[in-house]
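Raw work00.cif, mmCIF, C-alpha atoms:
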```cif
data_final
loop_
_atom_site.group_PDB
_atom_site.id
_atom_site.type_symbol
_atom_site.label_atom_id
_atom_site.label_comp_id
_atom_site.auth_asym_id
_atom_site.auth_seq_id
_atom_site.Cartn_x
_atom_site.Cartn_y
_atom_site.Cartn_z
ATOM 1 C CA MET A 1 59.374 66.146 57.657
ATOM 2 C CA LEU A 2 59.340 64.837 54.125
ATOM 3 C CA ILE A 3 62.379 62.970 52.905
ATOM 4 C CA ILE A 4 62.970 62.342 49.234
ATOM 5 C CA ASN A 5 65.835 60.039 48.318
ATOM 6 C CA ILE A 6 67.419 61.127 45.058
ATOM 7 C CA LYS A 7 68.250 58.154 42.899
ATOM 8 C CA GLU A 8 71.478 57.854 40.963
ATOM 9 C CA ASN A 9 71.432 59.788 37.668
ATOM 10 C CA GLU A 10 68.058 61.364 38.556
ATOM 11 C CA SER A 11 67.504 64.957 37.592
ATOM 12 C CA ILE A 12 66.581 67.554 40.167
ATOM 13 C CA ASP A 13 63.353 68.278 38.270
ATOM 14 C CA LYS A 14 62.106 64.711 38.704
ATOM 15 C CA ALA A 15 63.034 64.693 42.386
ATOM 16 C CA LEU A 16 61.250 68.023 42.873
ATOM 17 C CA LYS A 17 58.177 66.648 41.128
ATOM 18 C CA ARG A 18 58.144 63.628 43.464
ATOM 19 C CA PHE A 19 58.508 65.966 46.440
ATOM 20 C CA LYS A 20 55.590 68.118 45.283
ATOM 21 C CA LYS A 21 53.362 65.044 44.870
ATOM 22 C CA LYS A 22 54.273 63.763 48.326
ATOM 23 C CA PHE A 23 53.695 67.212 49.839
ATOM 24 C CA GLU A 24 50.292 67.500 48.153
ATOM 25 C CA LYS A 25 49.208 64.118 49.561
ATOM 26 C CA THR A 26 49.922 65.255 53.117
ATOM 27 C CA GLY A 27 47.286 68.006 52.828
ATOM 28 C CA VAL A 28 49.347 70.611 54.683
ATOM 29 C CA LEU A 29 48.742 73.373 52.168
ATOM 30 C CA LYS A 30 45.005 72.669 51.995
ATOM 31 C CA GLU A 31 44.706 72.856 55.772
ATOM 32 C CA LEU A 32 46.746 76.048 55.886
ATOM 33 C CA ARG A 33 44.443 77.721 53.368
ATOM 34 C CA SER A 34 41.352 76.582 55.246
ATOM 35 C CA ARG A 35 42.693 78.066 58.491
ATOM 36 C CA THR A 36 43.455 81.493 57.036
ATOM 37 C CA ALA A 37 39.810 82.558 57.111
ATOM 38 C CA PHE A 38 36.914 81.217 59.165
ATOM 39 C CA GLU A 39 34.201 79.476 57.203
ATOM 40 C CA LYS A 40 30.832 78.814 58.756
ATOM 41 C CA PRO A 41 29.881 75.141 59.089
ATOM 42 C CA SER A 42 26.818 75.675 56.904
ATOM 43 C CA VAL A 43 28.997 77.053 54.091
ATOM 44 C CA THR A 44 31.408 74.134 54.437
ATOM 45 C CA ARG A 45 28.553 71.633 54.313
ATOM 46 C CA ARG A 46 27.028 73.356 51.278
ATOM 47 C CA SER A 47 30.321 73.258 49.378
ATOM 48 C CA GLU A 48 30.751 69.555 50.228
ATOM 49 C CA ILE A 49 27.252 68.810 48.919
ATOM 50 C CA ILE A 50 27.914 70.734 45.703
ATOM 51 C CA HIS A 51 31.164 68.842 45.203
ATOM 52 C CA ALA A 52 29.458 65.490 45.864
ATOM 53 C CA THR A 53 26.742 66.184 43.288
ATOM 54 C CA TYR A 54 29.389 67.198 40.769
ATOM 55 C CA VAL A 55 31.308 63.957 41.322
ATOM 56 C CA GLN A 56 28.131 61.865 41.045
ATOM 57 C CA LYS A 57 27.151 63.549 37.766
ATOM 58 C CA LYS A 58 30.652 63.041 36.396
ATOM 59 C CA PHE A 59 30.651 59.379 37.431
ATOM 60 C CA ALA A 60 27.179 58.846 35.939
ATOM 61 C CA THR A 61 28.176 60.302 32.564
ATOM 62 C CA GLU A 62 31.321 58.165 32.400
ATOM 63 C CA ASN A 63 29.387 54.944 33.030
ATOM 64 C CA SER A 64 26.533 55.718 30.642
#
```
Mind turning the file's structure into structure tokens?
Amino acid sequence: MLIINIKENESIDKALKRFKKKFEKTGVLKELRSRTAFEKPSVTRRSEIIHATYVQKKFATENS
């Protein structure tokens, strides 16, 4: 269970934003979406490789 302490004079919008960030870091929603439909291991591996190449290209262009 996530607990967000609301500070004095803090708006609800800011507290909600902090809650959303904390919730995103837990990875609950990502896992839920991955469990809704079965994905073959080969497809998962292929998508990881595509993502890794994308990140490497992005990192290479930033450092050049």
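Considering the residues A:Ile3, A:Ile50, A:Ala60, A:Ala37 and counting all atoms listed in the file, A:Lys22 has its shortest atom-to-atom contact with A:Ile3.
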Please, what distance in Å, to one decimal, runs between atom CA of A:Lys7 and atom CA of A:Lys25? 21.0 Å
Rounded to one decimal place, report the atom CA of A:Lys30-atom CA of A:Asp13 distance in Å.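 So the answer is 23.3 Å.
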Explicit residues for the PyMOL selection byres ((chain A and resi 1) around 12) (as a VMD selection string): chain A and resid 2 to 4 19 22 to 23 26 28
Keeping only C-alpha atoms, take the residues you just selected and write them out as a PDB file, keeping the file's coordinate frame.
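Output (out_29.pdb):
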```
ATOM      1  CA  LEU A   2      59.340  64.837  54.125  1.00  0.00           C
ATOM      2  CA  ILE A   3      62.379  62.970  52.905  1.00  0.00           C
ATOM      3  CA  ILE A   4      62.970  62.342  49.234  1.00  0.00           C
ATOM      4  CA  PHE A  19      58.508  65.966  46.440  1.00  0.00           C
ATOM      5  CA  LYS A  22      54.273  63.763  48.326  1.00  0.00           C
ATOM      6  CA  PHE A  23      53.695  67.212  49.839  1.00  0.00           C
ATOM      7  CA  THR A  26      49.922  65.255  53.117  1.00  0.00           C
ATOM      8  CA  VAL A  28      49.347  70.611  54.683  1.00  0.00           C
TER       9      VAL A  28
END
```
Please return stretch 11-30 of chain A, rebuilt to N, CA and C atoms, as a short mmCIF file (atom, residue, chain, number, x, y, z; two decimals), in the frame of the given file.
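The result, written out as part02.cif:
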```
data_model
loop_
_atom_site.label_atom_id
_atom_site.label_comp_id
_atom_site.auth_asym_id
_atom_site.auth_seq_id
_atom_site.Cartn_x
_atom_site.Cartn_y
_atom_site.Cartn_z
N SER A 11 67.43 63.51 37.67
CA SER A 11 67.50 64.96 37.59
C SER A 11 66.80 65.60 38.79
N ILE A 12 67.18 66.81 39.06
CA ILE A 12 66.58 67.55 40.17
C ILE A 12 65.10 67.81 39.89
N ASP A 13 64.75 68.02 38.62
CA ASP A 13 63.35 68.28 38.27
C ASP A 13 62.45 67.10 38.64
N LYS A 14 62.91 65.89 38.36
CA LYS A 14 62.11 64.71 38.70
C LYS A 14 61.98 64.55 40.21
N ALA A 15 63.07 64.80 40.93
CA ALA A 15 63.03 64.69 42.39
C ALA A 15 62.10 65.75 42.97
N LEU A 16 62.13 66.95 42.41
CA LEU A 16 61.25 68.02 42.87
C LEU A 16 59.79 67.68 42.59
N LYS A 17 59.54 67.06 41.46
CA LYS A 17 58.18 66.65 41.13
C LYS A 17 57.67 65.59 42.11
N ARG A 18 58.54 64.64 42.47
CA ARG A 18 58.14 63.63 43.46
C ARG A 18 57.88 64.27 44.82
N PHE A 19 58.70 65.27 45.18
CA PHE A 19 58.51 65.97 46.44
C PHE A 19 57.17 66.70 46.46
N LYS A 20 56.85 67.37 45.36
CA LYS A 20 55.59 68.12 45.28
C LYS A 20 54.39 67.18 45.41
N LYS A 21 54.45 66.01 44.77
CA LYS A 21 53.36 65.04 44.87
C LYS A 21 53.20 64.55 46.31
N LYS A 22 54.31 64.25 46.95
CA LYS A 22 54.27 63.76 48.33
C LYS A 22 53.74 64.84 49.26
N PHE A 23 54.15 66.08 49.03
CA PHE A 23 53.70 67.21 49.84
C PHE A 23 52.20 67.44 49.65
N GLU A 24 51.72 67.31 48.43
CA GLU A 24 50.29 67.50 48.15
C GLU A 24 49.45 66.43 48.86
N LYS A 25 49.95 65.20 48.92
CA LYS A 25 49.21 64.12 49.56
C LYS A 25 49.07 64.32 51.06
N THR A 26 50.00 65.03 51.67
CA THR A 26 49.92 65.26 53.12
C THR A 26 48.78 66.19 53.48
N GLY A 27 48.40 67.10 52.58
CA GLY A 27 47.29 68.01 52.83
C GLY A 27 47.64 69.20 53.69
N VAL A 28 48.91 69.49 53.85
CA VAL A 28 49.35 70.61 54.68
C VAL A 28 48.89 71.94 54.10
N LEU A 29 49.09 72.12 52.81
CA LEU A 29 48.74 73.37 52.17
C LEU A 29 47.23 73.61 52.19
N LYS A 30 46.46 72.56 51.98
CA LYS A 30 45.00 72.67 52.00
C LYS A 30 44.52 73.09 53.38
#
```
